[in-house]
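Novice: Pasting input_3.txt here (compact mmCIF, C-alpha atoms):
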# COMPACT_ATOMS: atom_id res chain seq x y z
CA MET O 1381 -18.84 97.00 -12.60
CA THR O 1382 -19.05 96.14 -16.28
CA SER O 1383 -18.52 98.47 -19.27
CA PRO O 1384 -21.52 100.56 -20.39
CA SER O 1385 -23.72 98.45 -22.58
CA ILE O 1386 -26.77 98.62 -24.76
CA LEU O 1387 -29.65 96.14 -24.80
CA LEU O 1388 -30.99 95.29 -28.25
CA ILE O 1389 -34.42 93.66 -28.33
CA ASP O 1390 -35.76 92.50 -31.69
CA ASP O 1391 -37.50 89.25 -32.62
CA ASP O 1392 -35.68 89.23 -35.95
CA GLU O 1393 -32.33 87.49 -35.61
CA ASP O 1394 -30.85 89.18 -38.68
CA VAL O 1395 -31.60 92.64 -37.33
CA ARG O 1396 -30.21 91.75 -33.87
CA THR O 1397 -27.03 90.40 -35.43
CA VAL O 1398 -26.33 93.38 -37.65
CA MET O 1399 -27.17 96.02 -35.03
CA SER O 1400 -24.98 94.23 -32.51
CA TYR O 1401 -22.16 93.93 -35.04
CA VAL O 1402 -22.34 97.63 -35.90
CA LEU O 1403 -22.17 98.69 -32.25
CA GLU O 1404 -19.54 96.18 -31.17
CA HIS O 1405 -17.38 97.35 -34.09
CA GLU O 1406 -17.57 100.85 -32.57
CA GLY O 1407 -16.49 99.52 -29.19
CA VAL O 1408 -19.93 99.42 -27.58
CA CYS O 1409 -20.89 96.30 -25.61
CA THR O 1410 -24.28 94.88 -26.49
CA GLN O 1411 -26.65 92.26 -25.14
CA THR O 1412 -29.27 91.00 -27.56
CA PHE O 1413 -32.66 89.49 -26.81
CA ALA O 1414 -35.36 88.04 -29.03
CA SER O 1415 -38.12 89.08 -26.66
CA GLY O 1416 -38.91 91.72 -24.10
CA PHE O 1417 -39.59 89.05 -21.47
CA SER O 1418 -36.08 87.62 -21.72
CA ALA O 1419 -34.64 91.14 -21.48
CA LEU O 1420 -36.67 91.79 -18.32
CA ASP O 1421 -35.40 88.52 -16.84
CA TYR O 1422 -31.84 89.63 -17.57
CA LEU O 1423 -32.34 93.03 -15.94
CA LYS O 1424 -33.71 91.67 -12.69
CA ASP O 1425 -30.40 89.98 -11.94
CA LEU O 1426 -28.38 93.15 -12.47
CA ALA O 1427 -27.20 95.53 -9.80
CA ALA O 1428 -28.37 99.07 -10.56
CA ILE O 1429 -24.81 100.17 -11.25
CA ASP O 1430 -24.64 97.64 -14.09
CA PHE O 1431 -27.82 98.72 -15.82
CA PRO O 1432 -27.47 99.32 -19.56
CA ILE O 1433 -27.14 102.94 -20.65
CA LEU O 1434 -29.78 102.43 -23.32
CA ILE O 1435 -32.36 99.88 -24.47
CA ILE O 1436 -33.31 99.74 -28.14
CA VAL O 1437 -36.50 97.73 -28.60
CA ASP O 1438 -38.40 96.86 -31.75
CA PHE O 1439 -41.97 98.05 -31.87
CA MET O 1440 -43.52 95.08 -33.68
CA MET O 1441 -42.60 91.83 -31.99
CA SER O 1442 -44.22 88.55 -31.09
CA GLU O 1443 -45.16 87.85 -27.45
CA LEU O 1444 -44.63 91.42 -26.22
CA ASP O 1445 -44.52 94.45 -28.48
CA GLY O 1446 -42.21 97.41 -27.90
CA LEU O 1447 -44.78 99.66 -26.24
CA GLU O 1448 -45.91 96.94 -23.86
CA PHE O 1449 -42.29 96.25 -23.01
CA ILE O 1450 -41.73 99.92 -22.11
CA ARG O 1451 -44.84 99.92 -19.91
CA LEU O 1452 -43.73 96.76 -18.11
CA LEU O 1453 -40.17 98.03 -17.76
CA ARG O 1454 -41.34 101.21 -16.04
CA GLN O 1455 -43.81 99.49 -13.73
CA LYS O 1456 -41.86 96.41 -12.78
CA ASP O 1457 -40.13 96.05 -9.41
CA HIS O 1458 -41.44 99.37 -8.10
CA GLY O 1459 -40.00 101.35 -11.00
CA ARG O 1460 -36.46 100.06 -10.51
CA TYR O 1461 -35.72 100.28 -14.24
CA ALA O 1462 -37.66 103.46 -14.96
CA GLY O 1463 -34.46 105.52 -15.32
CA ILE O 1464 -33.07 103.43 -18.19
CA PRO O 1465 -33.57 105.32 -21.47
CA VAL O 1466 -35.44 103.44 -24.16
CA VAL O 1467 -35.53 103.97 -27.91
CA LEU O 1468 -38.17 102.28 -30.06
CA SER O 1469 -37.12 100.99 -33.48
CA SER O 1470 -39.83 100.63 -36.09
CA GLY O 1471 -40.69 100.63 -39.74
CA ARG O 1472 -43.51 103.00 -38.81
CA SER O 1473 -43.11 106.69 -38.17
CA ALA O 1474 -43.08 108.34 -34.73
CA GLN O 1475 -46.38 110.08 -35.57
CA GLU O 1476 -48.11 106.74 -36.18
CA ILE O 1477 -46.76 105.18 -33.00
CA ILE O 1478 -47.67 108.19 -30.86
CA GLN O 1479 -51.29 107.44 -31.73
CA GLU O 1480 -50.85 104.02 -30.15
CA GLY O 1481 -49.88 105.50 -26.79
CA MET O 1482 -46.12 105.86 -27.01
CA PRO O 1483 -44.73 107.81 -24.02
CA PRO O 1484 -43.57 111.29 -25.15
CA ASP O 1485 -40.02 110.82 -23.85
CA VAL O 1486 -39.35 107.79 -26.06
CA LEU O 1487 -37.50 108.40 -29.32
CA VAL O 1488 -38.22 106.40 -32.47
CA LEU O 1489 -35.46 105.00 -34.66
CA GLU O 1490 -37.07 104.55 -38.04
CA LYS O 1491 -36.25 101.49 -40.12
CA PRO O 1492 -34.47 100.95 -42.42
CA LEU O 1493 -31.78 102.41 -40.16
CA GLU O 1494 -29.28 104.91 -41.48
CA LEU O 1495 -25.88 103.98 -40.06
CA GLU O 1496 -24.53 107.41 -39.14
CA SER O 1497 -27.80 108.53 -37.53
CA PHE O 1498 -27.94 105.28 -35.58
CA LEU O 1499 -24.38 105.69 -34.31
CA GLU O 1500 -24.93 109.37 -33.49
CA LEU O 1501 -27.99 108.48 -31.43
CA VAL O 1502 -26.07 105.82 -29.52
CA ARG O 1503 -23.10 108.17 -28.95
CA SER O 1504 -25.47 110.76 -27.48
CA TYR O 1505 -26.49 108.26 -24.81
CA LEU O 1506 -22.91 107.12 -24.18
CA THR O 1507 -21.89 110.67 -23.27
CA ARG O 1508 -24.87 111.40 -21.01
CA PRO O 1509 -24.42 111.25 -17.24
CA THR O 1510 -26.08 107.99 -16.20
CA ALA O 1511 -29.18 108.11 -14.00
CA VAL O 1512 -28.90 105.12 -11.71
CA SER O 1513 -32.01 104.06 -9.84
CA SER O 1514 -31.82 104.48 -6.12
CA LEU O 1515 -33.54 101.12 -5.51
CA MET E 1177 -78.93 100.39 -39.08
CA GLN E 1178 -77.20 98.80 -42.02
CA THR E 1179 -76.90 100.50 -45.33
CA GLN E 1180 -77.09 97.97 -48.11
CA PHE E 1181 -75.11 98.61 -51.26
CA GLU E 1182 -74.99 95.47 -53.28
CA GLU E 1183 -76.14 92.13 -52.00
CA GLY E 1184 -73.95 91.02 -49.11
CA PHE E 1185 -72.18 94.36 -48.70
CA THR E 1186 -72.84 96.75 -45.87
CA ILE E 1187 -70.99 99.82 -44.63
CA GLU E 1188 -69.91 97.76 -41.63
CA SER E 1189 -68.45 94.97 -43.75
CA LEU E 1190 -66.70 97.49 -46.00
CA MET E 1191 -65.25 99.30 -42.98
CA GLU E 1192 -64.04 95.99 -41.62
CA ALA E 1193 -62.46 95.12 -44.95
CA LEU E 1194 -60.72 98.50 -45.03
CA PHE E 1195 -59.46 97.98 -41.48
CA TYR E 1196 -57.91 94.65 -42.36
CA ARG E 1197 -56.43 96.06 -45.55
CA ASP E 1198 -54.81 98.93 -43.63
CA GLU E 1199 -53.50 96.52 -41.01
CA PHE E 1200 -52.04 94.41 -43.81
CA LEU E 1201 -50.34 97.43 -45.33
CA ALA E 1202 -48.74 98.24 -41.95
CA LEU E 1203 -47.59 94.64 -41.66
CA ALA E 1204 -46.26 94.59 -45.21
CA SER E 1205 -44.32 97.75 -44.50
CA HIS E 1206 -42.76 96.19 -41.40
CA GLU E 1207 -41.98 92.88 -43.09
CA LEU E 1208 -40.37 94.50 -46.12
CA LYS E 1209 -38.36 97.01 -44.05
CA THR E 1210 -36.86 94.31 -41.83
CA PRO E 1211 -34.63 92.66 -44.46
CA VAL E 1212 -33.95 96.10 -45.97
CA THR E 1213 -32.69 97.25 -42.53
CA ALA E 1214 -30.24 94.37 -42.33
CA LEU E 1215 -29.11 94.88 -45.95
CA ARG E 1216 -28.64 98.59 -45.56
CA LEU E 1217 -26.69 98.41 -42.31
CA HIS E 1218 -24.38 95.70 -43.63
CA SER E 1219 -23.62 97.63 -46.79
CA GLN E 1220 -23.11 100.94 -44.95
CA VAL E 1221 -20.72 99.34 -42.47
CA PHE E 1222 -18.73 97.92 -45.36
CA GLN E 1223 -18.66 101.29 -47.15
CA ARG E 1224 -17.56 102.98 -43.92
CA GLN E 1225 -14.70 100.58 -43.44
CA ARG E 1226 -13.57 101.15 -47.03
CA ARG E 1227 -13.73 104.97 -46.62
CA ARG E 1228 -11.65 104.74 -43.45
CA GLY E 1229 -9.08 102.63 -45.24
CA GLU E 1230 -9.66 99.73 -42.88
CA SER E 1231 -8.66 96.37 -44.25
CA CYS E 1232 -11.58 94.12 -45.07
CA ASP E 1233 -11.27 90.66 -43.64
CA PRO E 1234 -12.08 88.24 -46.52
CA GLN E 1235 -14.19 86.12 -44.18
CA ARG E 1236 -16.17 89.21 -43.22
CA VAL E 1237 -16.71 90.01 -46.91
CA GLU E 1238 -17.84 86.44 -47.51
CA ARG E 1239 -20.34 86.69 -44.64
CA LEU E 1240 -21.58 90.03 -45.95
CA LEU E 1241 -22.23 88.56 -49.38
CA GLU E 1242 -24.05 85.59 -47.84
CA GLU E 1243 -26.15 88.01 -45.83
CA VAL E 1244 -27.01 90.04 -48.93
CA ASP E 1245 -28.06 86.84 -50.66
CA ARG E 1246 -30.20 85.71 -47.74
CA GLN E 1247 -31.96 89.02 -47.24
CA THR E 1248 -32.71 89.51 -50.93
CA LEU E 1249 -34.12 85.97 -51.00
CA ARG E 1250 -36.28 86.87 -48.04
CA LEU E 1251 -37.48 90.03 -49.77
CA GLY E 1252 -38.16 88.03 -52.90
CA ARG E 1253 -40.37 85.60 -50.99
CA LEU E 1254 -42.39 88.42 -49.47
CA ILE E 1255 -42.87 90.06 -52.84
CA ASN E 1256 -43.87 86.71 -54.37
CA ASP E 1257 -46.51 86.24 -51.70
CA MET E 1258 -47.97 89.63 -52.55
CA LEU E 1259 -47.86 88.81 -56.26
CA ASP E 1260 -49.60 85.51 -55.58
CA ILE E 1261 -52.41 87.41 -53.90
CA SER E 1262 -52.76 89.59 -56.95
CA ARG E 1263 -52.78 86.54 -59.25
CA ILE E 1264 -55.35 84.75 -57.11
CA ARG E 1265 -57.65 87.76 -56.97
CA SER E 1266 -57.51 88.32 -60.71
CA GLY E 1267 -58.03 84.64 -61.46
CA LYS E 1268 -54.56 84.32 -62.94
CA LEU E 1269 -53.14 81.63 -60.67
CA VAL E 1270 -51.93 79.18 -63.31
CA LEU E 1271 -51.20 75.62 -62.23
CA VAL E 1272 -48.43 73.71 -63.94
CA ARG E 1273 -49.48 70.12 -63.42
CA GLU E 1274 -47.24 67.09 -63.44
CA SER E 1275 -47.15 63.70 -61.83
CA PHE E 1276 -44.91 63.72 -58.77
CA SER E 1277 -44.25 61.87 -55.52
CA LEU E 1278 -46.18 63.62 -52.77
CA SER E 1279 -44.31 61.51 -50.23
CA LEU E 1280 -40.95 62.81 -51.46
CA LEU E 1281 -42.23 66.36 -51.63
CA MET E 1282 -43.36 66.11 -48.01
CA ARG E 1283 -39.91 64.92 -46.95
CA ASP E 1284 -38.26 67.73 -48.92
CA CYS E 1285 -40.47 70.37 -47.31
CA LEU E 1286 -39.77 69.03 -43.82
CA GLU E 1287 -36.06 69.13 -44.50
CA GLN E 1288 -36.18 72.66 -45.90
CA GLN E 1289 -38.21 73.94 -42.97
CA GLN E 1290 -36.33 72.10 -40.22
CA GLU E 1291 -34.47 75.24 -39.13
CA LEU E 1292 -37.82 76.71 -38.05
CA PHE E 1293 -38.28 74.01 -35.44
CA LYS E 1294 -36.35 72.85 -32.40
CA PRO E 1295 -34.54 69.52 -32.72
CA GLU E 1296 -37.00 66.63 -32.54
CA GLN E 1297 -39.94 68.98 -32.25
CA VAL E 1298 -41.58 67.48 -35.33
CA ASN E 1299 -42.93 63.92 -35.31
CA TYR E 1300 -44.00 62.73 -38.71
CA PHE E 1301 -45.56 59.78 -40.49
CA ILE E 1302 -45.35 59.84 -44.27
CA GLU E 1303 -46.97 57.03 -46.21
CA GLU E 1304 -44.60 56.02 -48.96
CA ASP E 1305 -45.36 55.97 -52.68
CA LEU E 1306 -48.13 58.51 -52.61
CA TRP E 1307 -48.28 60.14 -56.02
CA TYR E 1308 -50.20 63.15 -57.15
CA PHE E 1309 -50.95 64.98 -60.38
CA GLY E 1310 -50.81 68.68 -59.66
CA ASP E 1311 -48.58 71.73 -59.44
CA ARG E 1312 -45.63 70.44 -57.43
CA MET E 1313 -44.24 73.87 -56.61
CA ARG E 1314 -47.63 75.16 -55.46
CA ILE E 1315 -48.41 72.08 -53.35
CA GLY E 1316 -44.97 72.51 -51.79
CA GLN E 1317 -46.00 76.07 -51.02
CA VAL E 1318 -49.15 74.81 -49.24
CA ILE E 1319 -47.11 72.41 -47.11
CA SER E 1320 -44.49 75.03 -46.31
CA ASN E 1321 -47.06 77.67 -45.39
CA ILE E 1322 -48.85 75.37 -42.95
CA LEU E 1323 -45.56 74.15 -41.45
CA ASN E 1324 -44.50 77.77 -41.11
CA ASN E 1325 -47.76 78.47 -39.29
CA ALA E 1326 -47.12 75.59 -36.88
CA ALA E 1327 -43.60 76.87 -36.19
CA ARG E 1328 -44.79 80.45 -35.66
CA TYR E 1329 -47.75 79.74 -33.39
CA GLY E 1330 -46.77 76.36 -31.98
CA GLU E 1331 -44.85 77.88 -29.06
CA GLY E 1332 -42.02 75.40 -29.47
CA LYS E 1333 -44.20 72.44 -28.50
CA PRO E 1334 -44.37 69.16 -30.46
CA VAL E 1335 -45.74 69.27 -33.98
CA GLU E 1336 -47.22 66.20 -35.68
CA VAL E 1337 -47.28 65.69 -39.41
CA LYS E 1338 -49.17 62.87 -41.14
CA LEU E 1339 -49.46 62.22 -44.85
CA GLN E 1340 -51.56 59.19 -45.77
CA GLN E 1341 -54.22 57.77 -48.01
CA ARG E 1342 -57.65 57.45 -46.45
CA LYS E 1343 -60.52 55.98 -48.47
CA ASN E 1344 -60.77 58.15 -51.57
CA LYS E 1345 -58.56 60.92 -50.36
CA THR E 1346 -54.97 61.81 -49.71
CA MET E 1347 -54.80 63.57 -46.40
CA LEU E 1348 -52.16 65.80 -44.92
CA VAL E 1349 -52.63 66.65 -41.26
CA ILE E 1350 -50.35 69.09 -39.43
CA SER E 1351 -51.04 69.59 -35.72
CA ASP E 1352 -49.40 71.86 -33.20
CA GLN E 1353 -49.95 72.32 -29.47
CA GLY E 1354 -49.59 76.06 -29.45
CA ARG E 1355 -51.84 78.91 -28.51
CA GLY E 1356 -54.81 77.77 -30.59
CA ILE E 1357 -57.33 79.96 -32.39
CA ARG E 1358 -60.59 81.37 -31.06
CA PRO E 1359 -63.72 80.04 -32.80
CA GLU E 1360 -64.66 83.51 -34.09
CA ASP E 1361 -61.23 83.84 -35.70
CA GLN E 1362 -61.10 80.39 -37.29
CA LYS E 1363 -63.11 81.32 -40.35
CA ARG E 1364 -61.26 84.59 -40.84
CA ILE E 1365 -57.72 83.26 -41.01
CA PHE E 1366 -58.19 81.83 -44.48
CA HIS E 1367 -59.13 85.26 -45.72
CA ARG E 1368 -56.77 87.65 -47.39
CA PHE E 1369 -55.21 90.25 -45.06
CA GLN E 1370 -56.71 88.69 -41.97
CA ARG E 1371 -55.11 86.79 -39.13
CA ALA E 1372 -56.34 85.49 -35.83
CA ILE E 1373 -53.67 87.19 -33.74
CA PRO E 1374 -53.21 90.97 -33.48
CA ALA E 1375 -50.75 92.27 -36.03
CA ARG E 1376 -48.34 93.71 -33.47
CA GLU E 1377 -47.90 90.41 -31.71
CA VAL E 1378 -46.62 88.34 -34.57
CA SER E 1379 -44.60 89.29 -37.56
CA GLY E 1380 -45.47 88.04 -41.06
CA LEU E 1381 -47.88 89.14 -43.70
CA GLY E 1382 -50.72 86.83 -42.78
CA LEU E 1383 -51.08 85.72 -46.39
CA GLY E 1384 -49.83 82.17 -46.02
CA LEU E 1385 -53.11 80.45 -45.20
CA TYR E 1386 -55.08 82.43 -47.76
CA ILE E 1387 -52.57 81.44 -50.44
CA ALA E 1388 -52.59 77.82 -49.22
CA LYS E 1389 -56.39 77.66 -49.37
CA SER E 1390 -56.47 79.19 -52.84
CA ILE E 1391 -53.98 76.63 -54.14
CA VAL E 1392 -55.82 73.71 -52.53
CA ASP E 1393 -59.16 74.96 -53.90
CA ALA E 1394 -57.65 75.28 -57.37
CA HIS E 1395 -56.65 71.60 -57.14
CA GLY E 1396 -60.18 70.59 -56.19
CA GLY E 1397 -59.13 69.87 -52.63
CA LYS E 1398 -60.20 71.11 -49.23
CA ILE E 1399 -58.39 72.66 -46.28
CA SER E 1400 -59.94 72.68 -42.84
CA LEU E 1401 -59.04 73.67 -39.32
CA LYS E 1402 -59.77 72.37 -35.85
CA SER E 1403 -58.48 74.44 -33.00
CA GLU E 1404 -58.97 75.14 -29.34
CA VAL E 1405 -57.50 78.08 -27.46
CA GLY E 1406 -54.58 76.93 -25.36
CA HIS E 1407 -54.55 73.49 -26.96
CA GLY E 1408 -53.21 74.06 -30.43
CA SER E 1409 -54.47 73.75 -33.97
CA GLN E 1410 -54.85 71.00 -36.54
CA PHE E 1411 -54.85 71.77 -40.25
CA THR E 1412 -56.13 69.09 -42.61
CA VAL E 1413 -55.57 69.23 -46.36
CA GLU E 1414 -57.56 66.75 -48.40
CA PHE E 1415 -56.90 65.96 -52.02
CA PRO E 1416 -59.43 63.85 -53.89
CA LYS E 1417 -58.07 60.53 -55.10
CA GLN E 1418 -56.82 60.58 -58.66
CA VAL E 1419 -56.46 57.88 -61.26
CA LEU E 1420 -52.88 58.26 -62.45
Written as structure tokens, how would this file's structure read?
Specialist:
Amino acid sequence: MTSPSILLIDDDEDVRTVMSYVLEHEGVCTQTFASGFSALDYLKDLAAIDFPILIIVDFMMSELDGLEFIRLLRQKDHGRYAGIPVVLSSGRSAQEIIQEGMPPDVLVLEKPLELESFLELVRSYLTRPTAVSSL
Amino acid sequence: MQTQFEEGFTIESLMEALFYRDEFLALASHELKTPVTALRLHSQVFQRQRRRGESCDPQRVERLLEEVDRQTLRLGRLINDMLDISRIRSGKLVLVRESFSLSLLMRDCLEQQQELFKPEQVNYFIEEDLWYFGDRMRIGQVISNILNNAARYGEGKPVEVKLQQRKNKTMLVISDQGRGIRPEDQKRIFHRFQRAIPAREVSGLGLGLYIAKSIVDAHGGKISLKSEVGHGSQFTVEFPKQVL
């Protein structure tokens, strides 16, 4: 079993690098992906016990946007990944994204990120009991 | 039923224009916030380390400063694109003309943009000793914008670049084998604020081709597109022959 980790999905390399650096500096393992498809490929090879404790995905991305990624994540493989919490990062506000069909349980991390708020959000997921899929 | 205001304008066309303007504003917001996100996080991490009394690794500081430079350059480019739009619309795009080697400029642009492409993704033929009298910086912008387009939508497949003299024209042809553009979208993509692919799917302001067309038009040239969905796109820039 590996240490708890966070998946960062953003098509912008600079944003992936800095978010990963910030979290790794706080002792949190991260895996970064430039697209939702590559993140889904990564997940399918993981045992449920090794699932990340959180996925942070950018809303506006090429190939697959954040909302589509969340829909695919929750439908794929009979809902195997549905228990993994997801946070959407975006330059747009939560109110705007809700109008585009964002699920009500998904939080929005507004860009530009504020460091302490970002770390507090991540810490809140690190201390939650993990919900591991039964599949 | 269409309500006619002035000739050529209808409520429907105005609504469509407003839609594309609003989509552009959302895109601009995203594109500007992305480098600001990176800048802000880097600087806050640095400040945090200082407050905690943590020692700052000189190499880390060096990387931070490089990052600040890169992101502010990126922001500057985005802002310049938006300023160019304003200049073009108000008829204030001023060309600074000089005689320069188009062949060399093409090589320079390919070298500057090479990080956008995979190794050996670009095959090029550049006829040597092609000279042109025009705005070198702006023509470089045209080349870069179309190369950027090929990198963004080319799906990593081979890109061909040809610069050569044909009859009375100098022709630049850049072809990719990417997703291609639907016929109904092909005319729109040279328009301000419009793009052929939904805004959420691809980042970028969508101004590049509009700016490129405006610059080419200002030089008395022509830019055209051939494309087929699933088979890629070919952009051709023609400059009339000049007596230098």
Novice: Between E:Gln1289, E:Gln1235, E:Glu1331, E:Phe1185, which one has atoms that come closest to chain O, using only C-alpha atoms?
Specialist: E:Glu1331
Novice: Counting all atoms listed in the file, a student should be able to say which residues of chain O come within 6 Å of chain E; what is the right answer, written as a PyMOL selection string?
Specialist: chain O and resi 1395+1440-1443+1471+1492-1493
Novice: Can you work out the spacing between CA of Ile1357 in chain E and CA of Glu1404 in chain E in Å, to one decimal?
Specialist: 5.9 Å
Novice: Find the spatial neighbours of Gln1288 in chain E, counting only C-alpha atoms, within a cut-off of 10 Å - ignore same-chain residues fewer than 5 positions away - and output them as a ChimeraX atom specification.
Specialist: /E:1282-1283,1320
Novice: Tell me, in Å to one decimal, how far CA of Phe1309 in chain E is from CA of Lys1398 in chain E.
Specialist: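 Computing the Euclidean distance for CA of Phe1309 in chain E and CA of Lys1398 in chain E yields 15.7 Å.
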Novice: Which polymer residues have any atom within 9 Å of an atom of Val1502 in chain O, counting all atoms listed in the file, with same-chain residues fewer than 3 positions away left out, as a PyMOL selection string?
Specialist: chain O and resi 1386+1403+1434+1497-1499+1505-1507
Novice: Please identify all polymer residues within 12 Å of range 1391-1397 of chain E, counting all atoms listed in the file, omitting same-chain residues fewer than 4 positions from it, and present them as a PyMOL selection string.
Specialist: chain E and resi 1260-1261+1263-1264+1267-1273+1308-1319+1321-1322+1344-1348+1366+1384-1387+1412-1418
Novice: Which residues are close to Pro1334 in chain E, i.e. within 7 Å by all atoms listed in the file, leaving aside same-chain residues fewer than 5 positions away? Reply as a PyMOL selection string.
Specialist: chain E and resi 1297-1298+1352-1353
Novice: If you measure from CA of Leu1259 in chain E to CA of Leu1201 in chain E, what distance in Å do you get, rounded to one decimal?
Specialist: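 Atom-to-atom, CA of Leu1259 in chain E and CA of Leu1201 in chain E are spaced 14.1 Å apart.
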